[in-house]
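Chemist: You'll find entry_32.tsv just under this line, and it carries TSV, C-alpha atoms.
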```tsv
chain	number	residue	atom	x	y	z
A	1	MET	CA	9.59	6.04	-6.39
A	2	HIS	CA	6.30	7.76	-5.53
A	3	GLU	CA	7.95	10.70	-3.75
A	4	MET	CA	6.51	13.17	-6.25
A	5	SER	CA	2.92	12.30	-5.34
A	6	ILE	CA	3.86	12.41	-1.65
A	7	ALA	CA	5.41	15.86	-2.20
A	8	GLN	CA	2.21	17.00	-3.92
A	9	SER	CA	0.14	15.81	-0.94
A	10	ILE	CA	2.43	17.74	1.41
A	11	VAL	CA	1.99	20.91	-0.66
A	12	ASP	CA	-1.81	20.43	-0.65
A	13	ILE	CA	-1.91	20.01	3.14
A	14	VAL	CA	0.44	22.94	3.73
A	15	ARG	CA	-1.59	25.25	1.48
A	16	GLU	CA	-4.76	24.39	3.41
A	17	GLU	CA	-3.02	25.19	6.69
A	18	MET	CA	-1.59	28.44	5.30
A	19	ALA	CA	-5.09	29.49	4.27
A	20	ARG	CA	-6.47	28.51	7.70
A	21	TYR	CA	-3.88	30.60	9.53
A	22	ASN	CA	-3.87	33.29	6.85
A	23	VAL	CA	-0.12	32.88	6.33
A	24	GLN	CA	1.49	34.19	3.14
A	25	LYS	CA	5.02	32.90	3.60
A	26	LEU	CA	6.52	29.82	5.26
A	27	GLU	CA	9.99	29.39	6.69
A	28	ALA	CA	9.87	25.62	7.07
A	29	ILE	CA	7.75	22.48	6.95
A	30	ASN	CA	8.47	19.78	9.52
A	31	LEU	CA	7.76	16.19	8.55
A	32	ALA	CA	7.93	12.87	10.34
A	33	VAL	CA	8.92	9.97	8.10
A	34	GLY	CA	9.11	6.50	9.59
A	35	LYS	CA	11.92	4.15	8.59
A	36	MET	CA	9.29	1.59	7.55
A	37	SER	CA	7.52	3.96	5.17
A	38	ALA	CA	8.36	3.51	1.51
A	39	VAL	CA	9.78	7.02	1.22
A	40	VAL	CA	13.38	8.08	0.65
A	41	PRO	CA	13.93	11.43	2.42
A	42	GLN	CA	16.51	12.74	-0.09
A	43	HIS	CA	14.19	11.97	-3.02
A	44	LEU	CA	11.31	13.59	-1.23
A	45	SER	CA	13.32	16.79	-0.66
A	46	ARG	CA	14.32	16.91	-4.31
A	47	CYS	CA	10.73	16.35	-5.50
A	48	PHE	CA	9.48	19.05	-3.16
A	49	ASP	CA	12.05	21.54	-4.49
A	50	ILE	CA	11.04	20.79	-8.07
A	51	LEU	CA	7.34	21.07	-7.25
A	52	VAL	CA	7.55	24.45	-5.52
A	53	TYR	CA	10.12	25.99	-7.89
A	54	GLU	CA	9.20	29.63	-8.58
A	55	THR	CA	6.02	29.40	-6.48
A	56	ASP	CA	5.35	31.18	-3.17
A	57	LEU	CA	6.73	28.09	-1.39
A	58	ASP	CA	10.05	28.29	-3.22
A	59	GLY	CA	12.81	28.48	-0.59
A	60	THR	CA	10.71	26.88	2.18
A	61	ARG	CA	12.87	24.42	4.15
A	62	LEU	CA	11.65	20.83	4.30
A	63	ASN	CA	12.84	19.36	7.60
A	64	ILE	CA	12.47	15.60	7.69
A	65	ARG	CA	12.58	13.85	11.05
A	66	GLU	CA	13.30	10.18	10.45
A	67	VAL	CA	11.46	8.04	12.98
A	68	PRO	CA	13.33	4.86	13.93
A	69	LEU	CA	11.68	1.46	14.20
A	70	THR	CA	10.34	1.02	17.71
A	71	TYR	CA	8.86	-2.30	18.74
A	72	ARG	CA	7.05	-3.74	21.72
A	73	CYS	CA	6.98	-7.45	22.41
A	74	GLN	CA	3.42	-8.73	22.71
A	75	ALA	CA	4.46	-11.50	25.07
A	76	CYS	CA	6.84	-9.92	27.62
A	77	GLY	CA	6.18	-6.23	26.95
A	78	HIS	CA	9.81	-5.42	26.24
A	79	GLY	CA	10.17	-2.21	24.20
A	80	PHE	CA	13.12	-1.75	21.88
A	81	GLN	CA	14.47	0.13	18.89
A	82	ALA	CA	15.94	-1.64	15.88
A	83	ASP	CA	17.99	-0.56	12.88
A	84	GLN	CA	16.48	-3.32	10.79
A	85	VAL	CA	13.16	-5.09	10.76
A	86	ALA	CA	12.78	-7.15	13.92
A	87	LEU	CA	11.25	-10.60	13.57
A	88	ALA	CA	11.46	-11.58	17.22
A	89	CYS	CA	11.82	-10.05	20.67
A	90	PRO	CA	15.51	-9.86	21.69
A	91	GLU	CA	14.54	-10.56	25.32
A	92	CYS	CA	12.17	-13.53	25.16
A	93	GLY	CA	12.33	-14.61	21.49
A	94	GLN	CA	8.59	-14.24	20.84
A	95	ASP	CA	7.68	-13.82	17.11
A	96	ALA	CA	6.27	-10.71	15.53
A	97	PRO	CA	6.89	-7.83	17.91
A	98	TYR	CA	4.40	-4.99	17.43
A	99	LEU	CA	5.71	-2.00	15.46
A	100	GLU	CA	4.84	1.01	17.62
A	101	GLN	CA	6.71	3.61	15.60
A	102	GLY	CA	8.25	3.69	12.14
A	103	ARG	CA	5.21	3.90	9.84
A	104	GLU	CA	4.83	7.68	10.22
A	105	LEU	CA	4.26	9.85	7.20
A	106	SER	CA	2.94	13.16	8.45
A	107	VAL	CA	3.22	16.91	8.40
A	108	GLU	CA	3.96	17.69	12.05
A	109	SER	CA	4.13	21.48	11.91
A	110	ILE	CA	4.87	24.52	9.79
A	111	GLU	CA	7.15	27.38	10.76
A	112	VAL	CA	6.23	30.96	10.05
A	113	GLY	CA	7.78	34.34	10.85
A	114	GLN	CA	6.42	35.74	14.16
A	115	GLU	CA	4.67	38.62	12.40
A	116	ASP	CA	3.13	36.42	9.69
A	117	VAL	CA	0.62	34.39	11.66
A	118	GLU	CA	-2.97	35.09	12.69
A	119	SER	CA	-5.20	33.00	14.90
A	120	PRO	CA	-7.44	30.75	12.82
A	121	SER	CA	-11.18	31.09	13.15
A	122	ASP	CA	-11.82	27.58	14.46
A	123	GLN	CA	-9.06	27.13	17.03
A	124	PRO	CA	-6.22	29.13	18.56
A	125	ALA	CA	-2.73	28.79	17.14
A	126	GLY	CA	-0.69	27.17	19.90
A	127	ASP	CA	3.02	27.43	20.52
A	128	MET	CA	4.86	24.15	20.59
B	129	MET	CA	7.20	30.32	15.28
B	130	LYS	CA	6.00	26.76	15.00
B	131	VAL	CA	2.37	26.03	14.15
B	132	PRO	CA	1.30	22.45	14.87
B	133	VAL	CA	-0.39	20.62	12.00
B	134	VAL	CA	-0.11	16.86	12.64
B	135	ARG	CA	-1.77	15.54	9.49
B	136	ASN	CA	-1.14	12.27	7.74
B	137	ILE	CA	0.34	12.99	4.32
B	138	LEU	CA	-1.69	10.16	2.79
B	139	GLU	CA	-4.99	11.39	4.29
B	140	SER	CA	-6.52	12.47	0.97
B	141	ASN	CA	-5.82	9.06	-0.54
B	142	ASP	CA	-7.19	7.31	2.55
B	143	ARG	CA	-10.34	9.42	2.32
B	144	ILE	CA	-10.98	8.43	-1.30
B	145	ALA	CA	-10.15	4.80	-0.50
B	146	ALA	CA	-12.74	4.88	2.30
B	147	GLN	CA	-15.35	6.20	-0.15
B	148	ASN	CA	-14.51	3.37	-2.58
B	149	ARG	CA	-14.73	0.87	0.27
B	150	ALA	CA	-18.16	2.11	1.30
B	151	LEU	CA	-19.36	1.75	-2.28
B	152	PHE	CA	-17.98	-1.80	-2.57
B	153	SER	CA	-19.45	-2.69	0.78
B	154	ALA	CA	-22.91	-1.40	-0.18
B	155	HIS	CA	-22.82	-3.73	-3.21
B	156	ARG	CA	-21.30	-6.63	-1.24
B	157	ILE	CA	-18.37	-6.90	-3.63
B	158	LEU	CA	-15.20	-8.56	-2.39
B	159	VAL	CA	-12.30	-6.38	-3.53
B	160	ILE	CA	-8.73	-7.64	-3.68
B	161	ASN	CA	-5.63	-5.54	-4.19
B	162	LEU	CA	-3.20	-7.95	-5.87
B	163	MET	CA	0.46	-7.00	-5.62
B	164	SER	CA	3.86	-8.45	-6.47
B	165	SER	CA	7.08	-7.62	-8.24
B	166	PRO	CA	6.99	-7.63	-12.06
B	167	GLY	CA	6.88	-11.14	-13.46
B	168	ALA	CA	5.83	-12.96	-10.29
B	169	GLY	CA	2.66	-14.17	-11.99
B	170	LYS	CA	-0.20	-11.82	-11.07
B	171	THR	CA	-1.93	-11.98	-14.44
B	172	THR	CA	-1.43	-15.73	-14.79
B	173	LEU	CA	-2.84	-16.32	-11.30
B	174	LEU	CA	-5.81	-14.20	-12.30
B	175	GLU	CA	-6.34	-16.20	-15.48
B	176	ARG	CA	-6.30	-19.48	-13.53
B	177	THR	CA	-8.61	-18.03	-10.87
B	178	ILE	CA	-11.10	-16.64	-13.37
B	179	GLU	CA	-11.24	-19.94	-15.27
B	180	ARG	CA	-12.32	-21.71	-12.11
B	181	LEU	CA	-14.67	-19.15	-10.61
B	182	LYS	CA	-16.28	-17.28	-13.50
B	183	ASP	CA	-19.26	-19.66	-13.79
B	184	LYS	CA	-19.99	-19.16	-10.13
B	185	TYR	CA	-19.32	-15.46	-9.58
B	186	ARG	CA	-19.44	-12.23	-11.57
B	187	ILE	CA	-15.83	-11.07	-11.74
B	188	GLY	CA	-14.30	-7.75	-12.76
B	189	VAL	CA	-10.64	-6.80	-13.06
B	190	ILE	CA	-8.82	-3.49	-12.99
B	191	GLU	CA	-5.40	-3.81	-14.56
B	192	GLY	CA	-2.74	-1.35	-13.48
B	193	ASP	CA	0.33	-1.01	-15.67
B	194	ILE	CA	2.74	1.77	-16.46
B	195	ALA	CA	2.00	1.26	-20.17
B	196	SER	CA	0.21	-1.11	-22.60
B	197	THR	CA	-3.18	-2.83	-22.59
B	198	TYR	CA	-1.67	-6.30	-22.92
B	199	ASP	CA	-2.82	-7.57	-19.52
B	200	ALA	CA	-6.39	-6.28	-19.87
B	201	GLU	CA	-6.62	-8.04	-23.23
B	202	ARG	CA	-5.39	-11.30	-21.67
B	203	ILE	CA	-8.02	-11.03	-18.93
B	204	ALA	CA	-10.82	-10.02	-21.33
B	205	GLN	CA	-10.13	-13.19	-23.32
B	206	LYS	CA	-11.23	-15.11	-20.24
B	207	GLY	CA	-14.68	-13.60	-20.66
B	208	VAL	CA	-14.78	-11.14	-17.77
B	209	GLN	CA	-14.75	-7.35	-17.81
B	210	ALA	CA	-11.26	-5.89	-17.58
B	211	VAL	CA	-10.44	-2.19	-17.47
B	212	GLN	CA	-6.88	-1.04	-18.01
B	213	ILE	CA	-5.35	1.86	-16.12
B	214	ASN	CA	-2.08	3.17	-17.53
B	215	THR	CA	-0.22	5.08	-14.86
B	216	ASP	CA	2.20	6.69	-17.34
B	217	GLY	CA	5.19	6.09	-15.13
B	218	ALA	CA	3.61	6.13	-11.68
B	219	CYS	CA	4.70	3.16	-9.63
B	220	HIS	CA	1.38	2.28	-7.96
B	221	LEU	CA	-2.40	2.64	-8.17
B	222	ASP	CA	-4.12	4.98	-5.74
B	223	GLY	CA	-7.67	5.47	-4.50
B	224	ASN	CA	-8.45	8.18	-7.01
B	225	MET	CA	-7.41	6.10	-10.03
B	226	ILE	CA	-9.76	3.33	-8.88
B	227	SER	CA	-12.57	5.76	-8.15
B	228	GLU	CA	-12.33	7.21	-11.66
B	229	THR	CA	-12.46	3.73	-13.17
B	230	LEU	CA	-15.53	2.51	-11.30
B	231	ALA	CA	-17.96	4.30	-13.64
B	232	GLN	CA	-17.02	1.71	-16.26
B	233	PHE	CA	-18.35	-1.12	-14.11
B	234	ASP	CA	-21.91	-2.03	-13.22
B	235	LEU	CA	-21.35	-2.53	-9.50
B	236	THR	CA	-24.75	-4.18	-9.10
B	237	ALA	CA	-23.47	-6.99	-11.35
B	238	LEU	CA	-20.19	-7.82	-9.59
B	239	ASP	CA	-19.27	-10.28	-6.84
B	240	LEU	CA	-15.49	-10.08	-7.02
B	241	LEU	CA	-13.31	-7.20	-8.17
B	242	VAL	CA	-9.58	-7.75	-8.45
B	243	VAL	CA	-7.29	-4.75	-8.70
B	244	GLU	CA	-4.03	-5.92	-10.23
B	245	ASN	CA	-1.53	-3.34	-9.06
B	246	VAL	CA	1.59	-2.17	-10.86
B	247	GLY	CA	4.42	-4.70	-10.49
B	248	ASN	CA	6.41	-3.30	-7.57
B	249	LEU	CA	7.17	-4.58	-4.06
B	250	VAL	CA	7.56	-1.12	-2.53
B	251	CYS	CA	5.07	1.65	-3.25
B	252	PRO	CA	1.71	-0.12	-3.64
B	253	ALA	CA	1.92	-1.21	0.01
B	254	GLU	CA	1.48	2.43	1.13
B	255	PHE	CA	-1.62	3.25	-0.92
B	256	ASN	CA	-5.04	1.88	-0.04
B	257	VAL	CA	-7.46	1.74	-2.93
B	258	GLY	CA	-10.53	0.69	-0.92
B	259	GLU	CA	-9.81	-3.03	-0.98
B	260	ASP	CA	-11.03	-5.60	1.55
B	261	MET	CA	-7.60	-7.14	1.59
B	262	LYS	CA	-4.17	-6.99	0.06
B	263	ILE	CA	-2.94	-10.21	-1.46
B	264	MET	CA	0.62	-10.64	-2.68
B	265	ILE	CA	2.59	-13.09	-4.75
B	266	LEU	CA	6.24	-14.01	-4.26
B	267	SER	CA	7.68	-16.26	-6.96
B	268	VAL	CA	10.49	-18.56	-5.91
B	269	PRO	CA	13.08	-17.31	-8.46
B	270	GLU	CA	12.96	-13.94	-6.67
B	271	GLY	CA	14.59	-15.44	-3.58
B	272	ASP	CA	13.54	-16.27	-0.02
B	273	ASP	CA	15.12	-13.07	1.35
B	274	LYS	CA	12.50	-10.76	-0.18
B	275	PRO	CA	10.33	-10.52	2.98
B	276	LEU	CA	13.33	-9.08	4.82
B	277	LYS	CA	14.05	-6.59	2.07
B	278	TYR	CA	10.47	-5.45	1.46
B	279	PRO	CA	8.90	-5.94	4.90
B	280	LEU	CA	6.04	-3.48	4.55
B	281	MET	CA	4.33	-5.35	1.75
B	282	PHE	CA	4.62	-8.67	3.58
B	283	GLN	CA	3.22	-7.05	6.73
B	284	GLU	CA	0.28	-5.49	4.91
B	285	SER	CA	-0.76	-8.56	2.91
B	286	ARG	CA	-3.35	-10.85	4.43
B	287	VAL	CA	-2.50	-13.59	1.96
B	288	LEU	CA	0.83	-14.62	0.46
B	289	LEU	CA	0.89	-16.85	-2.60
B	290	VAL	CA	4.28	-18.45	-3.15
B	291	ASN	CA	4.22	-19.06	-6.91
B	292	LYS	CA	6.29	-21.12	-9.36
B	293	ILE	CA	6.94	-23.87	-6.81
B	294	ASP	CA	7.55	-26.20	-9.78
B	295	LEU	CA	10.90	-24.37	-10.05
B	296	LEU	CA	11.98	-25.16	-6.46
B	297	PRO	CA	14.44	-27.91	-7.54
B	298	TYR	CA	16.26	-25.41	-9.74
B	299	VAL	CA	16.55	-22.33	-7.53
B	300	ASP	CA	18.02	-21.57	-4.12
B	301	PHE	CA	14.74	-20.87	-2.39
B	302	ASN	CA	14.26	-22.29	1.08
B	303	LEU	CA	10.55	-22.36	1.96
B	304	ASP	CA	11.26	-22.90	5.66
B	305	ARG	CA	13.55	-19.89	5.80
B	306	MET	CA	10.95	-17.75	4.05
B	307	ARG	CA	8.21	-18.93	6.42
B	308	GLN	CA	10.41	-18.13	9.40
B	309	ILE	CA	10.76	-14.54	8.19
B	310	THR	CA	7.13	-14.05	7.18
B	311	THR	CA	5.93	-15.50	10.49
B	312	GLY	CA	8.06	-12.92	12.29
B	313	LEU	CA	6.63	-10.13	10.15
B	314	ASN	CA	3.02	-11.21	9.92
B	315	PRO	CA	2.12	-14.27	11.99
B	316	HIS	CA	-1.54	-14.34	10.84
B	317	GLN	CA	-0.74	-14.27	7.15
B	318	ILE	CA	-2.36	-17.06	5.14
B	319	VAL	CA	0.16	-18.76	2.84
B	320	PHE	CA	-0.58	-20.81	-0.29
B	321	GLU	CA	2.19	-22.59	-2.18
B	322	VAL	CA	1.19	-22.79	-5.84
B	323	SER	CA	2.34	-23.22	-9.39
B	324	CYS	CA	0.12	-21.43	-11.85
B	325	ARG	CA	1.89	-23.33	-14.64
B	326	THR	CA	1.26	-26.87	-13.38
B	327	GLY	CA	-1.83	-26.07	-11.29
B	328	GLU	CA	-0.27	-27.52	-8.13
B	329	GLY	CA	-1.71	-26.02	-4.96
B	330	LEU	CA	-4.35	-23.95	-6.75
B	331	ASP	CA	-7.30	-25.92	-5.33
B	332	ALA	CA	-6.63	-24.65	-1.80
B	333	TRP	CA	-6.38	-21.04	-2.99
B	334	ILE	CA	-9.57	-21.28	-5.07
B	335	ASP	CA	-11.51	-22.90	-2.20
B	336	TRP	CA	-10.37	-20.17	0.18
B	337	LEU	CA	-11.24	-17.35	-2.23
B	338	ASP	CA	-14.58	-18.98	-3.07
B	339	ASN	CA	-15.44	-18.97	0.61
B	340	GLU	CA	-14.39	-15.33	1.03
B	341	VAL	CA	-16.59	-14.19	-1.88
B	342	LYS	CA	-19.49	-16.25	-0.52
B	343	THR	CA	-19.07	-14.74	2.95
B	344	ARG	CA	-19.05	-11.25	1.45
B	345	ARG	CA	-22.27	-11.94	-0.47
B	346	THR	CA	-24.19	-13.43	2.42
B	347	GLY	CA	-22.50	-11.93	5.47
B	348	PRO	CA	-23.81	-9.12	7.66
```
Write out the structure in this file as structure tokens.

Modeler:
Amino acid sequence: MHEMSIAQSIVDIVREEMARYNVQKLEAINLAVGKMSAVVPQHLSRCFDILVYETDLDGTRLNIREVPLTYRCQACGHGFQADQVALACPECGQDAPYLEQGRELSVESIEVGQEDVESPSDQPAGDM
Amino acid sequence: MKVPVVRNILESNDRIAAQNRALFSAHRILVINLMSSPGAGKTTLLERTIERLKDKYRIGVIEGDIASTYDAERIAQKGVQAVQINTDGACHLDGNMISETLAQFDLTALDLLVVENVGNLVCPAEFNVGEDMKIMILSVPEGDDKPLKYPLMFQESRVLLVNKIDLLPYVDFNLDRMRQITTGLNPHQIVFEVSCRTGEGLDAWIDWLDNEVKTRRTGP
């Protein structure tokens, strides 16, 4: 339900990075969204499209990588992925396994045309 | 070509929340972010809490609602300062909304500030406002399966108040089943079983909160 404000935060972050790298045009924005975050990827995409309509970001792809729930048992150390919230370790039955991944809500990277990027003043632009 | 960014999307909210927290901390104010679904009893719990603690502590309330000033008026009738925020459709309060409201309070004259969030079990859990702790209410007519369906809020809340326990004979709510789920999600969560209507269980909650405010006033 709050995808519009999340989309606005993404645009703010991306504009800062574009200014830092002196980039005029983006091809894509890559996000990581954990399954435990209160964000629906389809809604987020729609809100983003509405927000950037007829701006310089219009047409930029929003790639959303959904991060599955990954737990680690605090008793036996067993690591496991789960489709749903896990209340106990499937190996030893211990309560409350620690959620290692699944809360993510981040801009991981932006994609620009090869000719469109300059090195920023404070640090070099690295290839991933 | 890919340019790494790796920035938390909520970083600007977290930054403002941290500024709020520093301000609250400097004034030794205990700040609670009170959350629940609509109708679980947030405002009624606040009324009962204020009645019992207002002679002892200076209390302020920020009321978050999509529309209306009804809740702020209810709280103001209890003789404490209440400021209403209307979110005009937004489903949660964020750090900035709280920050903009603080000018209306004299922070040197507050011991306890309660932020009553918009009724919603989903979004408020993601947005810090600068609180010391999140406290949530689950009312028994909502069902004992809610922790499974809205796990984030149950994981984030230090305290869970199970409200309307006077209705337990009339609804299919199994306290043991709920506790089994909440223990799996958040084993350190403090749980109070209360009825704001009959007053049952409220003494334990008030004693606990009293102690928390006292610790905040006198602690390091």

Chemist: Can you work out which residues from chain A touch chain B at a cut-off of 8 Å (counting all atoms listed in the file) and hand them back as a ChimeraX atom specification?

Modeler: /A:1-2,6,9-10,13,17,36-38,85-88,95-97,104-114,125-128

Chemist: So which residues touch Ala82 (chain A) within 8 Å, counting all atoms listed in the file, skipping near sequence neighbours fewer than 2 positions away, as a PDB file with C-alpha atoms, keeping the file's coordinate frame?

Modeler:
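To be explicit, this is the file written out as out_6.pdb:
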```
ATOM      1  CA  PRO A  68      13.330   4.860  13.930  1.00  0.00           C
ATOM      2  CA  LEU A  69      11.680   1.460  14.200  1.00  0.00           C
ATOM      3  CA  THR A  70      10.340   1.020  17.710  1.00  0.00           C
ATOM      4  CA  TYR A  71       8.860  -2.300  18.740  1.00  0.00           C
ATOM      5  CA  PHE A  80      13.120  -1.750  21.880  1.00  0.00           C
ATOM      6  CA  GLN A  84      16.480  -3.320  10.790  1.00  0.00           C
ATOM      7  CA  VAL A  85      13.160  -5.090  10.760  1.00  0.00           C
ATOM      8  CA  ALA A  86      12.780  -7.150  13.920  1.00  0.00           C
TER       9      ALA A  86
END
```

Chemist: Skip Leu241 (chain B) itself and residues of its chain fewer than 3 positions away, then list as a PDB file with C-alpha atoms, keeping the file's coordinate frame all residues within 10 Å of it, counting only C-alpha atoms.

Modeler:
```
ATOM      1  CA  PHE B 152     -17.980  -1.800  -2.570  1.00  0.00           C
ATOM      2  CA  ILE B 157     -18.370  -6.900  -3.630  1.00  0.00           C
ATOM      3  CA  LEU B 158     -15.200  -8.560  -2.390  1.00  0.00           C
ATOM      4  CA  VAL B 159     -12.300  -6.380  -3.530  1.00  0.00           C
ATOM      5  CA  ILE B 160      -8.730  -7.640  -3.680  1.00  0.00           C
ATOM      6  CA  ASN B 161      -5.630  -5.540  -4.190  1.00  0.00           C
ATOM      7  CA  ARG B 186     -19.440 -12.230 -11.570  1.00  0.00           C
ATOM      8  CA  ILE B 187     -15.830 -11.070 -11.740  1.00  0.00           C
ATOM      9  CA  GLY B 188     -14.300  -7.750 -12.760  1.00  0.00           C
ATOM     10  CA  VAL B 189     -10.640  -6.800 -13.060  1.00  0.00           C
ATOM     11  CA  ILE B 190      -8.820  -3.490 -12.990  1.00  0.00           C
ATOM     12  CA  GLN B 209     -14.750  -7.350 -17.810  1.00  0.00           C
ATOM     13  CA  ALA B 210     -11.260  -5.890 -17.580  1.00  0.00           C
ATOM     14  CA  PHE B 233     -18.350  -1.120 -14.110  1.00  0.00           C
ATOM     15  CA  LEU B 235     -21.350  -2.530  -9.500  1.00  0.00           C
ATOM     16  CA  LEU B 238     -20.190  -7.820  -9.590  1.00  0.00           C
ATOM     17  CA  GLU B 244      -4.030  -5.920 -10.230  1.00  0.00           C
ATOM     18  CA  GLU B 259      -9.810  -3.030  -0.980  1.00  0.00           C
ATOM     19  CA  VAL B 341     -16.590 -14.190  -1.880  1.00  0.00           C
TER      20      VAL B 341
END
```

Chemist: Please identify all polymer residues within 8 Å of Gln8 (chain A), counting only C-alpha atoms, omitting same-chain residues fewer than 4 positions from it, and present them as a list of chain:residue names.

Modeler: A:Met4, A:Asp12, A:Phe48, A:Leu51

Chemist: Take the residues from that selection and write them out as a short mmCIF file (atom, residue, chain, number, x, y, z; two decimals), in the frame of the given file, keeping C-alpha atoms.

Modeler:
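Contents of the output file result29.cif:
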```cif
data_model
loop_
_atom_site.label_atom_id
_atom_site.label_comp_id
_atom_site.auth_asym_id
_atom_site.auth_seq_id
_atom_site.Cartn_x
_atom_site.Cartn_y
_atom_site.Cartn_z
CA MET A 4 6.51 13.17 -6.25
CA ASP A 12 -1.81 20.43 -0.65
CA PHE A 48 9.48 19.05 -3.16
CA LEU A 51 7.34 21.07 -7.25
#
```

Chemist: I need every residue sitting at most 10 Å from the point (13.9, 19.5, 8.8) (coordinates as in the file, all atoms listed in the file considered), written as an MDAnalysis selection string.

Modeler: chainID A and resid 28:32 45 61:66

Chemist: Between A:Cys76, A:Ala19, A:Val67, A:Val11, which is the closest to Arg103 (chain A) once you count all atoms listed in the file?

Modeler: A:Val67

Chemist: Quick one: of A:Ser5, A:Asp83, A:Asp56, A:Cys92, who's nearest to Gln24 (chain A), counting only C-alpha atoms?

Modeler: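 Using only C-alpha atoms, the shortest distance to Gln24 (chain A) belongs to A:Asp56.
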
Chemist: Given all atoms listed in the file as the basis, pick out the residue of B:Arg344, B:Asn224, B:Ile334, B:Ile265 nearest to Arg180 (chain B).

Modeler: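 Among B:Arg344, B:Asn224, B:Ile334, B:Ile265, it is B:Ile334 that comes nearest to Arg180 (chain B).
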
Chemist: CA of Leu151 (chain B) and CA of Asp234 (chain B), how far apart in Å?

Modeler: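 Value for the CA of Asp234 (chain B)-CA of Leu151 (chain B) distance: 11.9 Å.
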
Chemist: Name the closest residue to Lys206 (chain B) among the candidates B:Leu181, B:Val290, B:Leu337, B:Val322; distances are taken between atoms, counting only C-alpha atoms.

Modeler: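 Selected residue with least distance to Lys206 (chain B): B:Leu181.
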
Chemist: Just how far from CA of Cys324 (chain B) is CA of Ser267 (chain B), in Å to one decimal?

Modeler: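 Going from CA of Ser267 (chain B) over to CA of Cys324 (chain B) covers 10.4 Å.
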
Chemist: How far is it from CA of Val242 (chain B) to CA of Asp294 (chain B), in Å with one decimal?

Modeler: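 Computed distance, CA of Val242 (chain B) to CA of Asp294 (chain B), equals 25.2 Å.
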
Chemist: For Cys73 (chain A), which residue among A:Leu99, A:Val40, A:Leu26, A:Cys47 is the nearest when counting all atoms listed in the file?

Modeler: A:Leu99

Chemist: Identify, on the basis of only C-alpha atoms, every residue whose closest approach to Gln212 (chain B) does not exceed 10 Å; exclude the query and any residue fewer than 2 positions from it along the same chain; express the result as a PyMOL selection string.

Modeler: chain B and resi 189-193+195-201+210+214-215+229+244

Chemist: Keeping only C-alpha atoms, write the selected residues to a file as a PDB file, in the coordinates of the input.

Modeler:
```pdb
ATOM      1  CA  VAL B 189     -10.640  -6.800 -13.060  1.00  0.00           C
ATOM      2  CA  ILE B 190      -8.820  -3.490 -12.990  1.00  0.00           C
ATOM      3  CA  GLU B 191      -5.400  -3.810 -14.560  1.00  0.00           C
ATOM      4  CA  GLY B 192      -2.740  -1.350 -13.480  1.00  0.00           C
ATOM      5  CA  ASP B 193       0.330  -1.010 -15.670  1.00  0.00           C
ATOM      6  CA  ALA B 195       2.000   1.260 -20.170  1.00  0.00           C
ATOM      7  CA  SER B 196       0.210  -1.110 -22.600  1.00  0.00           C
ATOM      8  CA  THR B 197      -3.180  -2.830 -22.590  1.00  0.00           C
ATOM      9  CA  TYR B 198      -1.670  -6.300 -22.920  1.00  0.00           C
ATOM     10  CA  ASP B 199      -2.820  -7.570 -19.520  1.00  0.00           C
ATOM     11  CA  ALA B 200      -6.390  -6.280 -19.870  1.00  0.00           C
ATOM     12  CA  GLU B 201      -6.620  -8.040 -23.230  1.00  0.00           C
ATOM     13  CA  ALA B 210     -11.260  -5.890 -17.580  1.00  0.00           C
ATOM     14  CA  ASN B 214      -2.080   3.170 -17.530  1.00  0.00           C
ATOM     15  CA  THR B 215      -0.220   5.080 -14.860  1.00  0.00           C
ATOM     16  CA  THR B 229     -12.460   3.730 -13.170  1.00  0.00           C
ATOM     17  CA  GLU B 244      -4.030  -5.920 -10.230  1.00  0.00           C
TER      18      GLU B 244
END
```

Chemist: Residues at most 8 Å from Ser285 (chain B), counting all atoms listed in the file, excluding those fewer than 4 positions away in the same chain, as a PyMOL selection string?

Modeler: chain B and resi 261-264+281+317

Chemist: Keeping only C-alpha atoms, write the selected residues to a file as a short mmCIF file (atom, residue, chain, number, x, y, z; two decimals), keeping the file's coordinate frame.

Modeler:
```cif
data_model
loop_
_atom_site.label_atom_id
_atom_site.label_comp_id
_atom_site.auth_asym_id
_atom_site.auth_seq_id
_atom_site.Cartn_x
_atom_site.Cartn_y
_atom_site.Cartn_z
CA MET B 261 -7.60 -7.14 1.59
CA LYS B 262 -4.17 -6.99 0.06
CA ILE B 263 -2.94 -10.21 -1.46
CA MET B 264 0.62 -10.64 -2.68
CA MET B 281 4.33 -5.35 1.75
CA GLN B 317 -0.74 -14.27 7.15
#
```

Chemist: Counting all atoms listed in the file, which residues come within 9 Å of (-12.7, -18.1, -6.3), with the point read in the file's coordinates, and could you list them as a ChimeraX atom specification?

Modeler: /B:177-178,180-182,184-185,240,333-341

Chemist: With N, CA and C atoms as the target, complete region 129-133 of chain B and hand it back as an mmCIF file, in the frame of the given file.

Modeler:
```
data_model
loop_
_atom_site.group_PDB
_atom_site.id
_atom_site.type_symbol
_atom_site.label_atom_id
_atom_site.label_comp_id
_atom_site.auth_asym_id
_atom_site.auth_seq_id
_atom_site.Cartn_x
_atom_site.Cartn_y
_atom_site.Cartn_z
ATOM 1 N N MET B 129 8.073 31.014 14.351
ATOM 2 C CA MET B 129 7.200 30.320 15.280
ATOM 3 C C MET B 129 6.607 29.068 14.646
ATOM 4 N N LYS B 130 6.451 28.059 15.490
ATOM 5 C CA LYS B 130 6.000 26.760 15.000
ATOM 6 C C LYS B 130 4.489 26.631 15.153
ATOM 7 N N VAL B 131 3.817 26.249 14.091
ATOM 8 C CA VAL B 131 2.370 26.030 14.150
ATOM 9 C C VAL B 131 2.110 24.535 13.973
ATOM 10 N N PRO B 132 1.516 23.894 14.984
ATOM 11 C CA PRO B 132 1.300 22.450 14.870
ATOM 12 C C PRO B 132 0.275 22.122 13.780
ATOM 13 N N VAL B 133 0.526 21.051 13.068
ATOM 14 C CA VAL B 133 -0.390 20.620 12.000
ATOM 15 C C VAL B 133 -0.841 19.187 12.276
#
```
